[in-house]
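Written below as structure tokens is the structure these notes are about.
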Amino acid sequence: MGKFITTRLSPPLYARSKLLCFSLLYLFSTIFLFLYVSLSRNQCIFRYSPFDPIQAKLFSYPSSYGEHKYALPTHRSSCSSPIFFSDYWTVLKEIQSILSGSSPKENLRYINGESESFGGNFSTQKRFSYFNHSNIDVEVPCGFFRDFPVSNSDRVEMEKCGLVVASAIFNDHDKIRQPVGLGVKTLETVCFYMFIDDKTLNSLFHHNVILKNNPSDYRVGAWRIIKISKSENLYLNPAMNGVIPKYLIHRLFPNSKFSIWVDAKIQLMIDPLLLIHSMLVVPEVDMAISKHPFFVNTMEEAMATARWKKWGDVDGLRIQMETYCEHGLKPWSSRKLPYPTDVPDTALILRRHGIRSNLFSCFMFNELEAFNPRDQLAFAFVRDHINPKVKMNMFEVEVFEQVVVEYRHNLKKIETSTYEEQEEEQKQESLRTIQKRRKWLDHESWSLNRSSCKNYLTDMWG
């Protein structure tokens, strides 16, 4: 009996060749994308045009300096963009047009004279009396009641700058970090200034970041280094000295139309021209600043400041909050304002210089001198009480984490100070230790009947 033999026809040769080609194409494409993403500086696929930014490093640090130690991790993807950036060349042309245009007449006038402190040390009633700036002929307090010790050559260069990126390192508290992703014409348009003190400069000498036989106009990559000489005109607290360029930047750079303040603990990852355009020019605002990643209410920030020992004078913190409550500080939840939070992250501040943003910066500085350099505490009170109102863009934390990378402060100190300076630092540290022993009382132990913050605390916690 015969058997049926079944035969299975194989695909034609041309079909097998086409399948093989598709397989090889898929394999090589996958390998290419894998290598591109792995070797890419930003770990993102086609995030930047290869023709716009500067690809090479601006400065190579000695290995002992440890530029990138102690980076803070983030759980958000740096490839998913929560903000739109326009074409680099279009932005460059638009910003240059604004910078070359005639400046509007500056209507803000400042009080001149001398005082026992750099900021004038005005009383509470005196400071608050300037908040309603309805008369342009009235001069306002804005620091510089004592000389700010920079060289004449530095001062001349600072007056030439139309768009400035500024930062500061005092007491060798941070590392100098270079901006990343700059466009090919950015360094011709943007000035980068880093303010430092003697101790930080000695550390830079120690690590050979700056050579001692260099001229006095030091540069580290994109940054022009401005050394602030030790002077009785300044504050004993290095953090308060850092507040001067942070909030009085419009006075240090009187001809600048835009500025970006960058805390030394963060590294700029996006071209400053793109940041200015997307966060200030397009939304037509005076300032742009990030929301705080954790807190919404000012009181929460104040209590965290004491609890985490970010400021040792607990009694001073309570007096500050009582002062603001007495003069009308209200929680965000009880007000109808266009702001989503009362607490910012002030590590990155973008400004379009003008009467509104300059007034805000002046009054913020006055509050910081009156109480402490923790600028999140005075932010909402000043913002809500000044007139004319500042137009504020408070952007999301996701935007902040896309445009900068945050690092920890410098934890390893190099001993470069003299014996007298070390002795003075020990005295200051002993004073801070005594202050930190005071315990912050939680809201339940506050005597609400005697507190001007009663309505505030009741509104927060019920």
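Just so we're on the same page: first chain in the structure tokens is A, next is B, and so on; residues restart at 1 for each chain, and ligands are numbered from 1 in the order they show up.
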
Practice item. Using DSSP on the backbone coordinates, identify all residues within stretch 299-351 of chain A classified as helix (DSSP H, G or I); present the result as a ChimeraX atom specification. Key: /A:299-307,314-326,332-334

Okay, now the selection with C-alpha atoms, as a PDB file, in the first residue's frame?
ATOM      1  CA  MET A 299       5.507  78.514  58.227  1.00  0.00           C
ATOM      2  CA  GLU A 300       6.368  74.977  57.123  1.00  0.00           C
ATOM      3  CA  GLU A 301       9.644  76.272  55.728  1.00  0.00           C
ATOM      4  CA  ALA A 302      10.360  78.216  58.923  1.00  0.00           C
ATOM      5  CA  MET A 303       9.836  75.186  61.149  1.00  0.00           C
ATOM      6  CA  ALA A 304      11.920  72.986  58.853  1.00  0.00           C
ATOM      7  CA  THR A 305      14.672  75.621  58.905  1.00  0.00           C
ATOM      8  CA  ALA A 306      14.877  75.321  62.691  1.00  0.00           C
ATOM      9  CA  ARG A 307      14.336  71.561  62.841  1.00  0.00           C
ATOM     10  CA  VAL A 314      15.341  79.920  66.686  1.00  0.00           C
ATOM     11  CA  ASP A 315      14.056  82.935  68.603  1.00  0.00           C
ATOM     12  CA  GLY A 316      14.945  85.089  65.622  1.00  0.00           C
ATOM     13  CA  LEU A 317      12.930  82.806  63.319  1.00  0.00           C
ATOM     14  CA  ARG A 318       9.878  83.078  65.560  1.00  0.00           C
ATOM     15  CA  ILE A 319      10.199  86.867  65.743  1.00  0.00           C
ATOM     16  CA  GLN A 320      10.420  87.008  61.955  1.00  0.00           C
ATOM     17  CA  MET A 321       7.275  84.923  61.480  1.00  0.00           C
ATOM     18  CA  GLU A 322       5.395  86.879  64.162  1.00  0.00           C
ATOM     19  CA  THR A 323       6.396  90.126  62.425  1.00  0.00           C
ATOM     20  CA  TYR A 324       5.092  88.953  59.076  1.00  0.00           C
ATOM     21  CA  CYS A 325       1.863  87.578  60.555  1.00  0.00           C
ATOM     22  CA  GLU A 326       1.272  90.833  62.399  1.00  0.00           C
ATOM     23  CA  TRP A 332      -1.606  80.573  50.184  1.00  0.00           C
ATOM     24  CA  SER A 333      -4.704  78.433  50.806  1.00  0.00           C
ATOM     25  CA  SER A 334      -6.668  81.434  52.132  1.00  0.00           C
TER      26      SER A 334
END

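Excluding A:Pro283 and any residue on its chain fewer than 5 positions from it, the residues at most 10 Å away by only C-alpha atoms are His277, Ser278, Ala288, Lys391, Met392 and Asn393 of chain A.
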
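Proximity to A:Phe360 was assessed for A:His250, A:Lys291, A:Arg374, A:Arg224 counting only C-alpha atoms; the smallest distance is recorded for A:His250.
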
Study note, to complete from the structure: Min atom-atom distance to A:Ile196 from the set A:Val282, A:Val180, A:Ile83, A:Val150, counting only C-alpha atoms, belongs to A:Val150

**Study point:** Residue neighbourhood stretch 86-99 of chain A, 9 Å, only C-alpha atoms, exclusion window fewer than 2 positions, as a PyMOL selection string
**Key:** chain A and resi 52-53+84+101-103+162-163+183+185-186+189+256-258+271+273-274+276-278+281

Expected file contents, prior selection, C-alpha atoms, as an mmCIF file, in the first residue's frame:
data_model
loop_
_atom_site.group_PDB
_atom_site.id
_atom_site.type_symbol
_atom_site.label_atom_id
_atom_site.label_comp_id
_atom_site.auth_asym_id
_atom_site.auth_seq_id
_atom_site.Cartn_x
_atom_site.Cartn_y
_atom_site.Cartn_z
ATOM 1 C CA ASP A 52 24.404 74.366 18.066
ATOM 2 C CA PRO A 53 26.057 73.676 21.425
ATOM 3 C CA PHE A 84 9.710 74.054 25.206
ATOM 4 C CA GLY A 101 17.748 98.290 21.868
ATOM 5 C CA SER A 102 17.494 101.481 23.869
ATOM 6 C CA SER A 103 16.984 100.966 27.580
ATOM 7 C CA GLY A 162 24.027 93.269 29.165
ATOM 8 C CA LEU A 163 23.097 89.710 30.176
ATOM 9 C CA GLY A 183 25.546 77.684 21.989
ATOM 10 C CA LYS A 185 27.677 82.409 20.143
ATOM 11 C CA THR A 186 26.612 82.415 23.775
ATOM 12 C CA THR A 189 26.625 87.537 24.384
ATOM 13 C CA SER A 256 22.276 94.477 32.347
ATOM 14 C CA LYS A 257 18.774 93.845 31.002
ATOM 15 C CA PHE A 258 18.627 90.192 32.057
ATOM 16 C CA ASP A 271 21.989 77.572 27.387
ATOM 17 C CA LEU A 273 19.739 82.425 26.220
ATOM 18 C CA LEU A 274 17.191 79.623 25.849
ATOM 19 C CA ILE A 276 15.761 83.659 29.386
ATOM 20 C CA HIS A 277 13.665 83.366 26.238
ATOM 21 C CA SER A 278 11.448 80.489 27.413
ATOM 22 C CA VAL A 281 10.500 86.717 27.249
#

Residues near stretch 151-158 of chain A, cut-off 7 Å, only C-alpha atoms, skip fewer than 3 positions along chain, as a JSON list (two decimals) with C-alpha atoms, in the first residue's frame:
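What landed in result-v9.json:
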[["chain", "number", "residue", "atom", "x", "y", "z"],
["A", 161, "CYS", "CA", 27.53, 93.41, 30.69],
["A", 226, "ILE", "CA", 35.66, 88.38, 41.15],
["A", 253, "PHE", "CA", 25.53, 95.15, 36.85]]

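Distances from A:Ser100, A:Ser229, A:Asn372, A:Ser64 to A:Asn255 were compared using only C-alpha atoms, and the smallest one belongs to A:Ser100.
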
Check your understanding: Leaving out A:Val138 and any residue of its chain fewer than 4 positions from it, which residues lie within 9 Å of it when counting only C-alpha atoms, given as a ChimeraX atom specification?
Key -> /A:108-111,130,133-134

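Take atom CA of A:His385 and atom CA of A:Asn358: the distance between them is 14.7 Å.
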
Find the nearest atom pair between each residue of stretch 246-340 of chain A and stretch 401-405 of chain A for residues within 9 Å, count only C-alpha atoms, give distances in Å to one decimal, sort rows by chain and ascending number, and present the table as CSV.
residue,atom,partner,partner_atom,distance
A:Lys265,CA,A:Val405,CA,8.6
A:Ile266,CA,A:Val405,CA,5.5
A:Gln267,CA,A:Val405,CA,5.2
A:Leu268,CA,A:Val404,CA,4.7
A:Met269,CA,A:Val404,CA,5.0
A:Ile270,CA,A:Val403,CA,5.3
A:Asp271,CA,A:Val403,CA,8.8
A:Leu275,CA,A:Val403,CA,8.2

Export N, CA and C atoms of the chosen residues as a compact mmCIF listing (two decimals), in the first residue's frame?
# COMPACT_ATOMS: atom_id res chain seq x y z
N LYS A 265 25.87 75.43 44.22
CA LYS A 265 25.62 73.99 44.38
C LYS A 265 24.97 73.38 43.15
N ILE A 266 24.57 74.19 42.16
CA ILE A 266 23.93 73.65 40.96
C ILE A 266 24.77 73.97 39.72
N GLN A 267 24.60 73.14 38.72
CA GLN A 267 25.31 73.29 37.45
C GLN A 267 24.29 73.54 36.35
N LEU A 268 24.49 74.61 35.59
CA LEU A 268 23.57 74.97 34.52
C LEU A 268 23.74 74.01 33.35
N MET A 269 22.62 73.41 32.90
CA MET A 269 22.67 72.40 31.84
C MET A 269 22.04 72.86 30.53
N ILE A 270 21.41 74.03 30.52
CA ILE A 270 20.76 74.57 29.34
C ILE A 270 21.34 75.94 29.05
N ASP A 271 21.47 76.28 27.79
CA ASP A 271 21.99 77.57 27.39
C ASP A 271 21.17 78.69 28.05
N LEU A 275 17.01 79.76 28.27
CA LEU A 275 16.28 79.90 29.53
C LEU A 275 15.59 81.26 29.62

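Proximity ranking of A:Thr298, A:Gln376, A:Ser123, A:Ser129 relative to A:Leu457 places A:Thr298 first, based on only C-alpha atoms.
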